[in-house]
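> I'd like to ask some things about the structure below.
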Amino acid sequence: MKTRLEVADDDLFGPRNLPYGVFAPEGEDFRVGVRISEYVIDLAAALEDPIFAEPSLNAFMAQGPRRWREVRNRIRELIDTELPTAAVHLLHDVRTELPVQIGDYVDFYASIDHATNLGRLFRPDSEPLLPNWRYLPVGYHGRAGTVVVSGTDIVRPRGQRRTQSGTPDFGPTQRLDIEAELGFLVGVGSELGTPIDIDEFAEHVFGVALVNDWSARDIQAWEYQPLGPFLGKSFATSMSAWVTPLAALEEARIPLPEQVPQPLPYLRGSQPWGFDIDLAVRWNGQTVAHPPYARMYWSPAQMLAHLTANGAATRTGDLYASGTISGPVPDQRGSFIELSWGGAEPLTVNGLHRTFLEDGDEVVITASAPGPNSHRIGLGEVRGRIWHARNAP
């Protein structure tokens with residue numbers, strides 16, 4: 001039997017989008033699918049290709065750009081005609097899983113507005129940006145094993161916290177925060193000792209996913225000097241269940257803001273890889289921020305070129321994220337430490353004065369971008385609810 005899907009032209013998940021994910025109908029195994037509107041297409045059944053019966057996107061992503069284009073074109077042909085009925089599932093009837101087996105995880109610090117805000121908060125009597133910031137995309141290696149799919153509950157982390165006496169104590173974080181980010185997934189890896197040229201970005205990166213890199217600010221503040229984030233960041237990173245292929249973002253591509261001074265030669269590309277993507281942050285159902293990715297200072301192509309400039313290898317499934325996305329005005333800030341200005345200026349959320357996350361709070365980050373014919377496409381959501389710390393005294 002065959003099915004023809006009717007999808008509105010202005011649907012955020014129409015045929016010009018087609019994000020990939022991993023799903024399972026009730027009582028069945030996980031496999032690769034494509035979302036269209038409120039449906040999921042089982043690609044193993046629709047394309048009769050066993051690579052899509054795998055419980056992750058890794059094997060498909062490793063096949064490279066030519067295969068990515070072939071599959072995308074074939075899916076669109078089937079949607080324009082008819083799909084096998086057995087391959088079509090309602091979105092609300094299936095479970096989703098982390099779509100990629102994450103190899104390594106790197107988090108960058110690529111928003112000039114975010115870096116400036118934190119510089120003003122932490123170093124009020126100094127220049128907000130450190131001397132290296134405009135010369136390279138600052139980043140750190142995170143923990144791949146704690147990247148979780150959207151909807152996973154987040155257990156409040158514990159760690160050492162500075163006290164007024166100067167001696168630390170140990171307990172649950174009191175300044176639990178979010179970081180609204182965009183993640184990039186490597187499809188085709190690179191060999192050890194061989195940097196990826198900045199203009200080879202699209203030959204290696206498969207697509208993008210929304211990321212919330214949760215942060216325990218009080219733990220981080222005590223531990224991060226001189227080596228950077230550790231327990232304050234490694235407890236959880238949430239990623240959306242759907243990966244938007246780069247091909248779906250062609251209309252969203254824009255030039256980067258001016259970079260002064262001019263980047264070193266290995267960070268100069270011939271193609272623009274800025275993206276006009278608008279995010280929204282909801283805290284317990286109330287929208288509190290609209291971070292604009294278009295303001296990001298460093299591009300994902302520059303991040304990848306720098307990540308591998310020393311010859312570091314990449315592998316299929318590697319994730320690297322932009323760092324917090326923020327804009328120049330208060331309601332564009334992508335973290336609560338910025339929105340509450342370090343806790344000194346509480347927000348009103350559902351009638352309550354709030355600074356950082358409490359147990360039971362839920363944060364949902366969504367995004368959309370320009371698509372064909374003046375329509376927009378959706379990048380799904382990344383959602384998480386806070387649970388109390390385990391074994392807390």
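Just so we're on the same page: first chain in the structure tokens is A, next is B, and so on; residues restart at 1 for each chain, and ligands are numbered from 1 in the order they show up.
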With only C-alpha atoms counted and 12 Å as the cut-off, give the residues of segment 81-156 of chain A in contact with segment 66-76 of chain A, each with its shortest interatomic distance in Å and the pair that gives it, as a tab-separated table.


```
residue	atom	partner	partner_atom	distance
A:Thr81	CA	A:Arg76	CA	8.7
A:Glu82	CA	A:Arg76	CA	10.2
A:Leu83	CA	A:Ile75	CA	9.2
A:Pro84	CA	A:Ile75	CA	11.9
A:Ala87	CA	A:Ile75	CA	11.8
```

> From a backbone DSSP assignment, name each residue in segment 135-196 of chain A labelled strand (DSSP E), as a PyMOL selection string.

chain A and resi 139-141+147-149+154-155+158-161+169-172+176-177+180-186

> Please list as number ranges by chain every residue within 7 Å of segment 175-183 of chain A, counting only C-alpha atoms and excluding residues in the same chain fewer than 4 positions away.

A: 208-218, 319-325, 334-337, 356-357, 365

> Quick check for you: according to DSSP on this backbone, which residues of segment 74-245 of chain A are classed as alpha helix (DSSP H)? Reply as a list of chain:residue names.

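Taking segment 74-245 of chain A and keeping alpha helix (DSSP H) gives A:Arg74, A:Ile75, A:Arg76, A:Glu77, A:Leu78, A:Ile79, A:Asp80, A:Ile112, A:Asp113, A:His114, A:Ala115, A:Thr116, A:Asn117, A:Leu118, A:Gly119, A:Arg120, A:Leu121, A:Phe122, A:Phe201, A:Ala202, A:Glu203, A:His204, A:Arg217, A:Asp218, A:Ile219, A:Gln220, A:Ala221, A:Trp222, A:Glu223.
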
> Just the residues within 8 Å of segment 378-384 of chain A, please, counting only C-alpha atoms, with nothing from its chain fewer than 2 positions along; format it as a CSV table (one decimal) with C-alpha atoms, in the first residue's frame.


```csv
chain,number,residue,atom,x,y,z
A,12,LEU,CA,8.4,24.4,9.5
A,13,PHE,CA,9.2,20.7,8.8
A,17,ASN,CA,13.8,20.8,5.6
A,19,PRO,CA,15.9,16.6,9.4
A,149,VAL,CA,19.0,13.5,23.8
A,150,SER,CA,16.4,16.3,24.3
A,151,GLY,CA,13.8,15.4,26.9
A,152,THR,CA,16.3,13.7,29.2
A,153,ASP,CA,16.0,14.9,32.8
A,154,ILE,CA,19.0,16.7,34.2
A,209,ALA,CA,21.5,20.3,16.0
A,210,LEU,CA,20.3,22.5,18.9
A,211,VAL,CA,22.4,22.2,22.0
A,212,ASN,CA,21.9,23.2,25.7
A,238,SER,CA,21.5,18.2,25.8
A,239,MET,CA,21.1,17.8,22.1
A,240,SER,CA,18.0,17.9,19.9
A,241,ALA,CA,16.6,14.6,18.6
A,242,TRP,CA,16.7,15.9,15.0
A,243,VAL,CA,19.7,16.9,12.9
A,244,THR,CA,19.2,19.5,10.2
A,362,GLU,CA,12.0,23.1,32.6
A,363,VAL,CA,13.9,24.8,29.8
A,364,VAL,CA,13.0,24.5,26.1
A,365,ILE,CA,15.2,26.0,23.3
A,366,THR,CA,13.8,26.1,19.8
A,367,ALA,CA,15.0,27.7,16.5
A,368,SER,CA,14.0,28.5,13.0
A,369,ALA,CA,15.8,29.8,9.9
A,376,ARG,CA,11.0,29.2,7.4
A,386,ILE,CA,15.9,19.7,36.5
```

> Go through segment 274-310 of chain A and flag each residue having an atom no more than 6 Å from segment 109-127 of chain A; for those, report the closest pair of atoms plus their distance in Å to one decimal, using only C-alpha atoms, ordered by chain and rising number, as a tab-separated table.


```
residue	atom	partner	partner_atom	distance
A:Met296	CA	A:Ser111	CA	4.7
A:Tyr297	CA	A:Ser111	CA	5.5
A:Trp298	CA	A:Ala110	CA	5.2
```

> Tell me which of A:Pro300, A:Pro272, A:Pro229, A:Pro99 sits closest to Glu258 of chain A, counting only C-alpha atoms.

A:Pro272

> Would you mind reading off the distance between atom CA of Asp361 of chain A and atom CA of Leu185 of chain A, one decimal, in Å?

28.5 Å

> Choose the residue, out of A:Ile277, A:Val148, A:Val40, A:Val88, that has the smallest atom-to-atom separation from Leu249 of chain A; count only C-alpha atoms.

A:Ile277

> Where does segment 257-308 of chain A meet segment 338-342 of chain A within 12 Å, residue by residue, with the nearest atom pair and distance in Å to one decimal for each, counting only C-alpha atoms, listed by chain and rising number, as JSON lines?


```
{"residue": "A:Val281", "atom": "CA", "partner": "A:Leu339", "partner_atom": "CA", "distance": 11.2}
{"residue": "A:Trp283", "atom": "CA", "partner": "A:Leu339", "partner_atom": "CA", "distance": 11.9}
{"residue": "A:Val288", "atom": "CA", "partner": "A:Leu339", "partner_atom": "CA", "distance": 8.4}
{"residue": "A:Ala289", "atom": "CA", "partner": "A:Leu339", "partner_atom": "CA", "distance": 8.2}
{"residue": "A:His290", "atom": "CA", "partner": "A:Leu339", "partner_atom": "CA", "distance": 11.2}
{"residue": "A:Pro291", "atom": "CA", "partner": "A:Leu339", "partner_atom": "CA", "distance": 11.2}
```

> Could you pull the residues within 8 Å of Glu26 of chain A, counting only C-alpha atoms, minus those fewer than 4 positions along the same chain, as an MDAnalysis selection string?

chainID A and resid 93:95

> Would you output that residue set with all heavy atoms, as a tab-separated table (two decimals), in the first residue's frame?


```tsv
chain	number	residue	atom	x	y	z
A	93	ASP	N	3.60	9.04	18.00
A	93	ASP	CA	3.50	7.62	18.32
A	93	ASP	C	4.86	6.94	18.47
A	93	ASP	O	4.93	5.75	18.76
A	93	ASP	CB	2.71	6.87	17.24
A	93	ASP	CG	1.23	7.17	17.30
A	93	ASP	OD1	0.76	7.65	18.36
A	93	ASP	OD2	0.53	6.93	16.30
A	94	VAL	N	5.95	7.68	18.25
A	94	VAL	CA	7.28	7.04	18.27
A	94	VAL	C	8.13	7.63	19.38
A	94	VAL	O	7.89	8.73	19.88
A	94	VAL	CB	8.01	7.20	16.91
A	94	VAL	CG1	7.16	6.66	15.78
A	94	VAL	CG2	8.39	8.66	16.65
A	95	ARG	N	9.16	6.88	19.77
A	95	ARG	CA	10.18	7.35	20.72
A	95	ARG	C	11.40	7.81	19.92
A	95	ARG	O	11.69	7.27	18.85
A	95	ARG	CB	10.59	6.22	21.67
A	95	ARG	CG	9.48	5.71	22.58
A	95	ARG	CD	9.90	4.44	23.28
A	95	ARG	NE	10.01	3.32	22.35
A	95	ARG	CZ	10.95	2.38	22.40
A	95	ARG	NH1	11.91	2.45	23.32
A	95	ARG	NH2	10.97	1.39	21.52
```

> What does the distance between atom CA of Pro157 of chain A and atom CA of Val186 of chain A come to in Å, to one decimal place?

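It comes out at 28.9 Å.
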
> Measuring between only C-alpha atoms, which one of A:Asn284, A:Thr348, A:Gln220, A:Asn132 shows the shortest distance to Arg158 of chain A?

A:Gln220
